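Text of data15.txt, listed as compact mmCIF, C-alpha atoms:
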```txt
# COMPACT_ATOMS: atom_id res chain seq x y z
CA MET A 1 -62.98 29.23 -38.03
CA ALA A 2 -62.05 27.39 -41.24
CA LEU A 3 -63.27 23.82 -41.64
CA LEU A 4 -59.75 22.37 -41.45
CA GLU A 5 -59.15 23.98 -38.05
CA GLN A 6 -62.46 22.57 -36.76
CA TRP A 7 -61.55 19.10 -38.09
CA GLN A 8 -58.11 19.19 -36.48
CA ALA A 9 -59.56 20.37 -33.16
CA VAL A 10 -61.74 17.25 -33.05
CA ALA A 11 -59.47 14.68 -34.72
CA TYR A 12 -56.27 15.60 -32.87
CA ASN A 13 -57.79 16.62 -29.54
CA GLU A 14 -55.17 15.71 -26.93
CA LYS A 15 -57.65 16.30 -24.10
CA ALA A 16 -60.10 13.70 -25.45
CA ASN A 17 -60.53 10.30 -23.87
CA LYS A 18 -58.16 7.83 -25.61
CA GLY A 19 -60.97 5.28 -26.13
CA GLU A 20 -63.27 7.90 -27.66
CA LEU A 21 -60.51 9.11 -29.96
CA GLN A 22 -59.73 5.54 -31.03
CA ARG A 23 -63.43 4.90 -31.81
CA PHE A 24 -63.57 8.21 -33.69
CA TRP A 25 -60.64 7.16 -35.93
CA GLN A 26 -61.94 3.60 -36.46
CA ARG A 27 -65.28 5.01 -37.61
CA TYR A 28 -63.56 7.62 -39.80
CA PHE A 29 -61.26 5.04 -41.44
CA LEU A 30 -64.30 2.93 -42.40
CA LEU A 31 -65.97 5.97 -43.96
CA GLU A 32 -62.73 6.92 -45.72
CA LYS A 33 -62.40 3.38 -47.10
CA GLY A 34 -65.95 3.61 -48.50
CA VAL A 35 -65.17 6.85 -50.34
CA TYR A 36 -61.95 5.41 -51.80
CA GLU A 37 -63.82 2.30 -52.96
CA LYS A 38 -66.20 4.54 -54.92
CA LEU A 39 -63.45 6.81 -56.27
CA LEU A 40 -61.23 3.92 -57.38
CA THR A 41 -64.10 2.15 -59.14
CA ASN A 42 -64.01 4.93 -61.72
CA PRO A 43 -60.57 6.56 -61.26
CA ASP A 44 -60.72 8.77 -64.36
CA GLU A 45 -64.05 10.40 -63.48
CA LYS A 46 -63.59 14.09 -62.68
CA VAL A 47 -65.30 14.51 -59.29
CA GLU A 48 -65.92 18.16 -58.42
CA GLY A 49 -68.30 20.18 -56.29
CA THR A 50 -68.50 22.16 -53.11
CA VAL A 51 -67.36 20.55 -49.87
CA LYS A 52 -71.01 20.25 -48.82
CA GLU A 53 -72.09 18.68 -52.15
CA LEU A 54 -69.31 16.08 -52.01
CA ALA A 55 -70.13 15.32 -48.37
CA GLU A 56 -73.73 14.60 -49.41
CA LYS A 57 -72.64 12.59 -52.45
CA TYR A 58 -70.45 10.28 -50.33
CA GLU A 59 -72.84 10.31 -47.34
CA LEU A 60 -70.41 12.02 -44.98
CA SER A 61 -70.75 14.98 -42.65
CA VAL A 62 -69.01 18.17 -43.75
CA MET A 63 -66.40 17.55 -41.02
CA GLU A 64 -65.71 14.01 -42.25
CA MET A 65 -65.39 15.29 -45.83
CA THR A 66 -62.95 17.93 -44.55
CA GLY A 67 -60.85 15.16 -43.02
CA PHE A 68 -61.00 13.20 -46.27
CA LEU A 69 -59.95 16.25 -48.31
CA ASP A 70 -57.09 16.87 -45.88
CA GLY A 71 -55.92 13.27 -46.34
CA ILE A 72 -56.13 13.13 -50.13
CA ASN A 73 -54.84 16.66 -50.85
CA ASP A 74 -51.19 15.60 -51.38
CA SER A 75 -52.33 13.06 -53.99
CA LEU A 76 -54.42 15.43 -56.08
CA ILE A 77 -53.41 16.67 -59.50
CA GLU A 78 -54.43 20.18 -58.42
CA PRO A 79 -54.39 20.62 -54.59
CA ASN A 80 -57.46 22.16 -52.95
CA PRO A 81 -57.25 25.27 -50.73
CA ILE A 82 -57.83 23.21 -47.59
CA ASP A 83 -56.51 25.84 -45.17
CA THR A 84 -59.22 28.34 -46.11
CA MET A 85 -61.93 25.89 -47.19
CA GLU A 86 -65.57 26.47 -46.19
CA GLU A 87 -68.75 24.47 -46.98
CA ASP A 88 -69.31 26.35 -50.24
CA THR A 89 -65.70 26.12 -51.49
CA LYS A 90 -65.43 24.35 -54.86
CA VAL A 91 -63.05 21.39 -54.66
CA SER A 92 -61.87 18.62 -56.93
CA LEU A 93 -61.00 14.99 -56.21
CA ALA A 94 -59.01 14.44 -59.43
CA PHE A 95 -56.08 12.39 -58.15
CA ASP A 96 -52.77 11.13 -59.49
CA LYS A 97 -53.13 7.34 -59.28
CA GLU A 98 -49.46 6.56 -58.63
CA LYS A 99 -49.08 9.35 -56.09
CA LEU A 100 -52.24 8.24 -54.25
CA TYR A 101 -51.06 4.63 -54.08
CA LYS A 102 -47.62 5.68 -52.81
CA ASN A 103 -49.13 8.03 -50.21
CA MET A 104 -51.33 5.20 -48.94
CA VAL A 105 -48.23 3.01 -48.60
CA ASP A 106 -46.37 5.85 -46.87
CA ALA A 107 -49.26 6.27 -44.41
CA LYS A 108 -49.12 2.51 -43.72
CA ALA A 109 -52.82 2.40 -44.65
CA ASP A 110 -52.94 -1.22 -45.79
CA TRP A 111 -56.76 -1.17 -45.66
CA LEU A 112 -56.55 1.38 -48.49
CA TYR A 113 -53.64 0.29 -50.69
CA GLU A 114 -54.90 -3.31 -50.58
CA LEU A 115 -58.38 -2.40 -51.84
CA PRO A 116 -59.43 -4.75 -54.69
CA GLN A 117 -60.20 -1.72 -56.91
CA TRP A 118 -56.44 -1.16 -57.31
CA ASP A 119 -56.28 -4.46 -59.26
CA GLU A 120 -58.29 -2.81 -62.06
CA ILE A 121 -55.93 0.19 -62.12
CA PHE A 122 -52.49 -1.41 -61.77
CA ASP A 123 -51.25 -4.92 -62.45
CA LYS A 124 -49.55 -6.85 -59.65
CA GLU A 125 -46.03 -5.95 -60.85
CA THR A 126 -46.79 -2.21 -61.04
CA LYS A 127 -48.28 -2.24 -57.54
CA ARG A 128 -45.19 -4.04 -56.25
CA LYS A 129 -42.89 -1.55 -58.01
CA LEU A 130 -44.77 1.46 -56.58
CA TYR A 131 -44.81 -0.12 -53.11
CA LEU A 132 -41.03 -0.71 -53.16
CA GLU A 133 -40.31 2.76 -54.59
CA GLN A 134 -42.24 4.33 -51.74
CA LYS A 135 -40.62 2.16 -49.07
CA LYS A 136 -37.13 2.89 -50.41
CA SER A 137 -37.77 6.63 -50.61
CA GLY A 138 -37.74 6.80 -46.82
CA THR A 139 -34.51 4.83 -46.50
CA VAL A 140 -31.37 6.84 -45.89
CA VAL A 141 -28.27 5.25 -47.37
CA VAL A 142 -25.09 6.36 -45.61
CA GLY A 143 -21.95 6.07 -47.68
CA LYS A 144 -18.63 4.78 -46.43
CA LYS A 145 -16.97 7.25 -44.08
CA VAL A 146 -13.70 8.74 -45.34
CA GLY A 147 -10.83 8.24 -42.91
CA ARG A 148 -8.48 11.18 -42.23
CA ASN A 149 -5.51 9.37 -43.84
CA ASP A 150 -7.48 8.09 -46.86
CA PRO A 151 -7.03 9.72 -50.27
CA CYS A 152 -9.42 12.67 -50.62
CA PRO A 153 -12.60 11.78 -52.58
CA CYS A 154 -12.32 15.05 -54.54
CA GLY A 155 -9.52 13.45 -56.59
CA SER A 156 -6.72 15.86 -55.66
CA GLY A 157 -4.36 13.00 -54.70
CA LYS A 158 -3.80 14.50 -51.24
CA LYS A 159 -4.77 12.87 -47.99
CA TYR A 160 -8.27 13.81 -46.82
CA LYS A 161 -6.87 15.52 -43.69
CA HIS A 162 -4.74 17.89 -45.81
CA CYS A 163 -7.48 18.64 -48.37
CA CYS A 164 -11.26 18.68 -47.88
CA GLY A 165 -11.04 17.39 -44.31
CA LYS A 166 -9.67 20.65 -42.93
```
Could you show the structure in this file as structure tokens?
Amino acid sequence: MALLEQWQAVAYNEKANKGELQRFWQRYFLLEKGVYEKLLTNPDEKVEGTVKELAEKYELSVMEMTGFLDGINDSLIEPNPIDTMEEDTKVSLAFDKEKLYKNMVDAKADWLYELPQWDEIFDKETKRKLYLEQKKSGTVVVGKKVGRNDPCPCGSGKKYKHCCGK
């Protein structure tokens, strides 16, 4: 069984006690925060190694590192093969700073996008701009509905009901 499947079986176990699962995630989020604090301290460092080596480097279990890699994968410059990943799979943590910040906002992970290390990477205005961009990207703007007797928006001059509204 690939590491990701094992991680998902534990992290998203619907049969688990709700309290246990909540404690599991609280503990994981603290560990995750610690890894991000280290990564963001030197954001241009190219961090690479096997899953096991990175787990040891950041003082995580292989399962916790798998969860971390699953979470950061969408923010990486070059995504890792997380579906087939094993302990000896070489992975990279080279991330796109803007994409990572936006994904943290999207995940509503304020404990991550409010880390003080971001202040060294982006100024206040850039962080605000990225935050708003991400929030607006999920907003669906519905245009004004065309009535059947209104002029057709295609510009034909006909009523909508006799043109594109058929």
Residues of segment 20-136 of chain A that have any atom at most 9 Å from an atom of segment 4-15 of chain A: could you tabulate them with the shortest-distance atom pair and the distance in Å to one decimal, using only C-alpha atoms, ordered by chain and increasing number, as CSV?
```
residue,atom,partner,partner_atom,distance
A:Leu21,CA,A:Ala11,CA,7.4
A:Phe24,CA,A:Ala11,CA,7.7
A:Trp25,CA,A:Ala11,CA,7.7
A:Met63,CA,A:Trp7,CA,5.9
A:Glu64,CA,A:Trp7,CA,7.8
A:Thr66,CA,A:Leu4,CA,6.3
A:Gly67,CA,A:Trp7,CA,6.3
A:Asp70,CA,A:Leu4,CA,7.5
A:Ile82,CA,A:Leu4,CA,6.5
A:Asp83,CA,A:Leu4,CA,6.0
A:Thr84,CA,A:Leu4,CA,7.6
A:Met85,CA,A:Leu4,CA,7.1
A:Glu86,CA,A:Leu4,CA,8.6
```
Please list as number ranges by chain every residue within 10 Å of Pro151 of chain A, counting all atoms listed in the file and excluding residues in the same chain fewer than 5 positions away. A: 146, 156-163
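Atom pair atom CA of Gln26 of chain A / atom CA of Glu53 of chain A has a distance of 24.0 Å (rounded to one decimal).
Excluding Lys136 of chain A itself and any same-chain residue fewer than 4 positions from it, the protein and nucleic acid residues within 12 Å of it, counting all atoms listed in the file, are Lys102, Val105, Asp106, Lys129, Leu130, Tyr131, Leu132, Val140 and Val141 of chain A.
The two atoms in question, atom CA of Thr126 of chain A and atom CA of Lys99 of chain A, are spaced 12.8 Å apart.
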Axis-aligned box over every listed atom of segment 52-59 of chain A, padded by 5 Å per side: centre and edges in Å to one decimal, as JSON?
```
{"center_x": -71.5, "center_y": 15.3, "center_z": -49.9, "size_x": 14.4, "size_y": 20.0, "size_z": 15.1}
```
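Of the listed residues A:Arg148, A:Lys90, A:Lys124, A:Lys97, the one whose atoms come nearest to Asp44 of chain A is A:Lys97, with distances taken using all atoms listed in the file.
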How far is it from atom CA of Thr50 of chain A to atom CA of Arg27 of chain A, in Å with one decimal? 23.3 Å
Name all residues at most 8 Å from segment 112-114 of chain A (count all atoms listed in the file; drop same-chain ones fewer than 3 positions away) and give them as a PyMOL selection string. chain A and resi 33+36+101+104-105+109+118
List the spatial neighbours of Val47 of chain A as a compact mmCIF listing (two decimals) with C-alpha atoms, in the frame of the given file - criterion: any atom at most 8 Å away, only C-alpha atoms, same-chain residues fewer than 6 positions off excluded.
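Okay, this is what ended up in out14.txt:
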```txt
# COMPACT_ATOMS: atom_id res chain seq x y z
CA SER A 92 -61.87 18.62 -56.93
CA LEU A 93 -61.00 14.99 -56.21
CA ALA A 94 -59.01 14.44 -59.43
```
Complete segment 53-64 of chain A with all heavy atoms (output as a PDB file, in the coordinates of the input).
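The new file rebuild.pdb reads:
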```pdb
ATOM      1  N   GLU A  53     -71.534  19.566 -51.119  1.00  0.00           N
ATOM      2  CA  GLU A  53     -72.090  18.680 -52.150  1.00  0.00           C
ATOM      3  C   GLU A  53     -71.387  17.316 -52.152  1.00  0.00           C
ATOM      4  O   GLU A  53     -72.024  16.273 -52.249  1.00  0.00           O
ATOM      5  CB  GLU A  53     -71.956  19.307 -53.544  1.00  0.00           C
ATOM      6  CG  GLU A  53     -72.862  20.497 -53.787  1.00  0.00           C
ATOM      7  CD  GLU A  53     -72.500  21.284 -55.044  1.00  0.00           C
ATOM      8  OE1 GLU A  53     -71.440  21.039 -55.659  1.00  0.00           O
ATOM      9  OE2 GLU A  53     -73.300  22.170 -55.413  1.00  0.00           O
ATOM     10  N   LEU A  54     -70.056  17.342 -52.027  1.00  0.00           N
ATOM     11  CA  LEU A  54     -69.310  16.080 -52.010  1.00  0.00           C
ATOM     12  C   LEU A  54     -69.598  15.291 -50.732  1.00  0.00           C
ATOM     13  O   LEU A  54     -69.667  14.067 -50.772  1.00  0.00           O
ATOM     14  CB  LEU A  54     -67.809  16.338 -52.164  1.00  0.00           C
ATOM     15  CG  LEU A  54     -67.371  16.867 -53.534  1.00  0.00           C
ATOM     16  CD1 LEU A  54     -65.874  17.107 -53.570  1.00  0.00           C
ATOM     17  CD2 LEU A  54     -67.772  15.918 -54.654  1.00  0.00           C
ATOM     18  N   ALA A  55     -69.780  15.992 -49.634  1.00  0.00           N
ATOM     19  CA  ALA A  55     -70.130  15.320 -48.370  1.00  0.00           C
ATOM     20  C   ALA A  55     -71.452  14.579 -48.543  1.00  0.00           C
ATOM     21  O   ALA A  55     -71.580  13.409 -48.157  1.00  0.00           O
ATOM     22  CB  ALA A  55     -70.212  16.325 -47.232  1.00  0.00           C
ATOM     23  N   GLU A  56     -72.426  15.236 -49.169  1.00  0.00           N
ATOM     24  CA  GLU A  56     -73.730  14.600 -49.410  1.00  0.00           C
ATOM     25  C   GLU A  56     -73.598  13.441 -50.387  1.00  0.00           C
ATOM     26  O   GLU A  56     -74.183  12.382 -50.187  1.00  0.00           O
ATOM     27  CB  GLU A  56     -74.727  15.644 -49.937  1.00  0.00           C
ATOM     28  CG  GLU A  56     -75.142  16.651 -48.891  1.00  0.00           C
ATOM     29  CD  GLU A  56     -75.892  17.857 -49.453  1.00  0.00           C
ATOM     30  OE1 GLU A  56     -76.162  17.900 -50.682  1.00  0.00           O
ATOM     31  OE2 GLU A  56     -76.204  18.763 -48.654  1.00  0.00           O
ATOM     32  N   LYS A  57     -72.824  13.631 -51.439  1.00  0.00           N
ATOM     33  CA  LYS A  57     -72.640  12.590 -52.450  1.00  0.00           C
ATOM     34  C   LYS A  57     -72.072  11.312 -51.837  1.00  0.00           C
ATOM     35  O   LYS A  57     -72.482  10.203 -52.186  1.00  0.00           O
ATOM     36  CB  LYS A  57     -71.712  13.094 -53.563  1.00  0.00           C
ATOM     37  CG  LYS A  57     -71.406  12.049 -54.612  1.00  0.00           C
ATOM     38  CD  LYS A  57     -70.526  12.580 -55.726  1.00  0.00           C
ATOM     39  CE  LYS A  57     -70.264  11.465 -56.731  1.00  0.00           C
ATOM     40  NZ  LYS A  57     -69.693  11.926 -57.967  1.00  0.00           N
ATOM     41  N   TYR A  58     -71.098  11.457 -50.929  1.00  0.00           N
ATOM     42  CA  TYR A  58     -70.450  10.280 -50.330  1.00  0.00           C
ATOM     43  C   TYR A  58     -71.008   9.935 -48.945  1.00  0.00           C
ATOM     44  O   TYR A  58     -70.419   9.136 -48.228  1.00  0.00           O
ATOM     45  CB  TYR A  58     -68.931  10.501 -50.270  1.00  0.00           C
ATOM     46  CG  TYR A  58     -68.323  10.512 -51.646  1.00  0.00           C
ATOM     47  CD1 TYR A  58     -67.910  11.701 -52.242  1.00  0.00           C
ATOM     48  CD2 TYR A  58     -68.195   9.341 -52.382  1.00  0.00           C
ATOM     49  CE1 TYR A  58     -67.371  11.716 -53.518  1.00  0.00           C
ATOM     50  CE2 TYR A  58     -67.654   9.352 -53.659  1.00  0.00           C
ATOM     51  CZ  TYR A  58     -67.251  10.536 -54.217  1.00  0.00           C
ATOM     52  OH  TYR A  58     -66.721  10.541 -55.484  1.00  0.00           O
ATOM     53  N   GLU A  59     -72.139  10.578 -48.601  1.00  0.00           N
ATOM     54  CA  GLU A  59     -72.840  10.310 -47.340  1.00  0.00           C
ATOM     55  C   GLU A  59     -71.942  10.496 -46.116  1.00  0.00           C
ATOM     56  O   GLU A  59     -71.875   9.657 -45.223  1.00  0.00           O
ATOM     57  CB  GLU A  59     -73.449   8.898 -47.362  1.00  0.00           C
ATOM     58  CG  GLU A  59     -74.469   8.726 -48.479  1.00  0.00           C
ATOM     59  CD  GLU A  59     -74.914   7.285 -48.679  1.00  0.00           C
ATOM     60  OE1 GLU A  59     -74.576   6.425 -47.849  1.00  0.00           O
ATOM     61  OE2 GLU A  59     -75.599   7.044 -49.686  1.00  0.00           O
ATOM     62  N   LEU A  60     -71.262  11.641 -46.104  1.00  0.00           N
ATOM     63  CA  LEU A  60     -70.410  12.020 -44.980  1.00  0.00           C
ATOM     64  C   LEU A  60     -70.900  13.348 -44.417  1.00  0.00           C
ATOM     65  O   LEU A  60     -71.602  14.091 -45.090  1.00  0.00           O
ATOM     66  CB  LEU A  60     -68.955  12.233 -45.456  1.00  0.00           C
ATOM     67  CG  LEU A  60     -68.209  11.092 -46.119  1.00  0.00           C
ATOM     68  CD1 LEU A  60     -66.852  11.581 -46.604  1.00  0.00           C
ATOM     69  CD2 LEU A  60     -68.028   9.942 -45.169  1.00  0.00           C
ATOM     70  N   SER A  61     -70.489  13.645 -43.190  1.00  0.00           N
ATOM     71  CA  SER A  61     -70.750  14.980 -42.650  1.00  0.00           C
ATOM     72  C   SER A  61     -69.727  15.915 -43.287  1.00  0.00           C
ATOM     73  O   SER A  61     -68.721  15.467 -43.858  1.00  0.00           O
ATOM     74  CB  SER A  61     -70.602  14.976 -41.131  1.00  0.00           C
ATOM     75  OG  SER A  61     -69.234  14.828 -40.778  1.00  0.00           O
ATOM     76  N   VAL A  62     -69.946  17.201 -43.193  1.00  0.00           N
ATOM     77  CA  VAL A  62     -69.010  18.170 -43.750  1.00  0.00           C
ATOM     78  C   VAL A  62     -67.650  18.018 -43.061  1.00  0.00           C
ATOM     79  O   VAL A  62     -66.604  18.109 -43.707  1.00  0.00           O
ATOM     80  CB  VAL A  62     -69.563  19.608 -43.619  1.00  0.00           C
ATOM     81  CG1 VAL A  62     -68.506  20.644 -43.971  1.00  0.00           C
ATOM     82  CG2 VAL A  62     -70.784  19.778 -44.504  1.00  0.00           C
ATOM     83  N   MET A  63     -67.661  17.739 -41.758  1.00  0.00           N
ATOM     84  CA  MET A  63     -66.400  17.550 -41.020  1.00  0.00           C
ATOM     85  C   MET A  63     -65.640  16.323 -41.528  1.00  0.00           C
ATOM     86  O   MET A  63     -64.428  16.374 -41.706  1.00  0.00           O
ATOM     87  CB  MET A  63     -66.658  17.377 -39.518  1.00  0.00           C
ATOM     88  CG  MET A  63     -66.810  18.646 -38.750  1.00  0.00           C
ATOM     89  SD  MET A  63     -65.330  19.667 -38.781  1.00  0.00           S
ATOM     90  CE  MET A  63     -65.791  20.899 -39.944  1.00  0.00           C
ATOM     91  N   GLU A  64     -66.355  15.229 -41.743  1.00  0.00           N
ATOM     92  CA  GLU A  64     -65.710  14.010 -42.250  1.00  0.00           C
ATOM     93  C   GLU A  64     -65.150  14.238 -43.655  1.00  0.00           C
ATOM     94  O   GLU A  64     -64.051  13.779 -43.972  1.00  0.00           O
ATOM     95  CB  GLU A  64     -66.709  12.848 -42.253  1.00  0.00           C
ATOM     96  CG  GLU A  64     -67.094  12.404 -40.853  1.00  0.00           C
ATOM     97  CD  GLU A  64     -68.396  11.613 -40.787  1.00  0.00           C
ATOM     98  OE1 GLU A  64     -69.160  11.606 -41.781  1.00  0.00           O
ATOM     99  OE2 GLU A  64     -68.647  11.004 -39.734  1.00  0.00           O
TER     100      GLU A  64
END
```
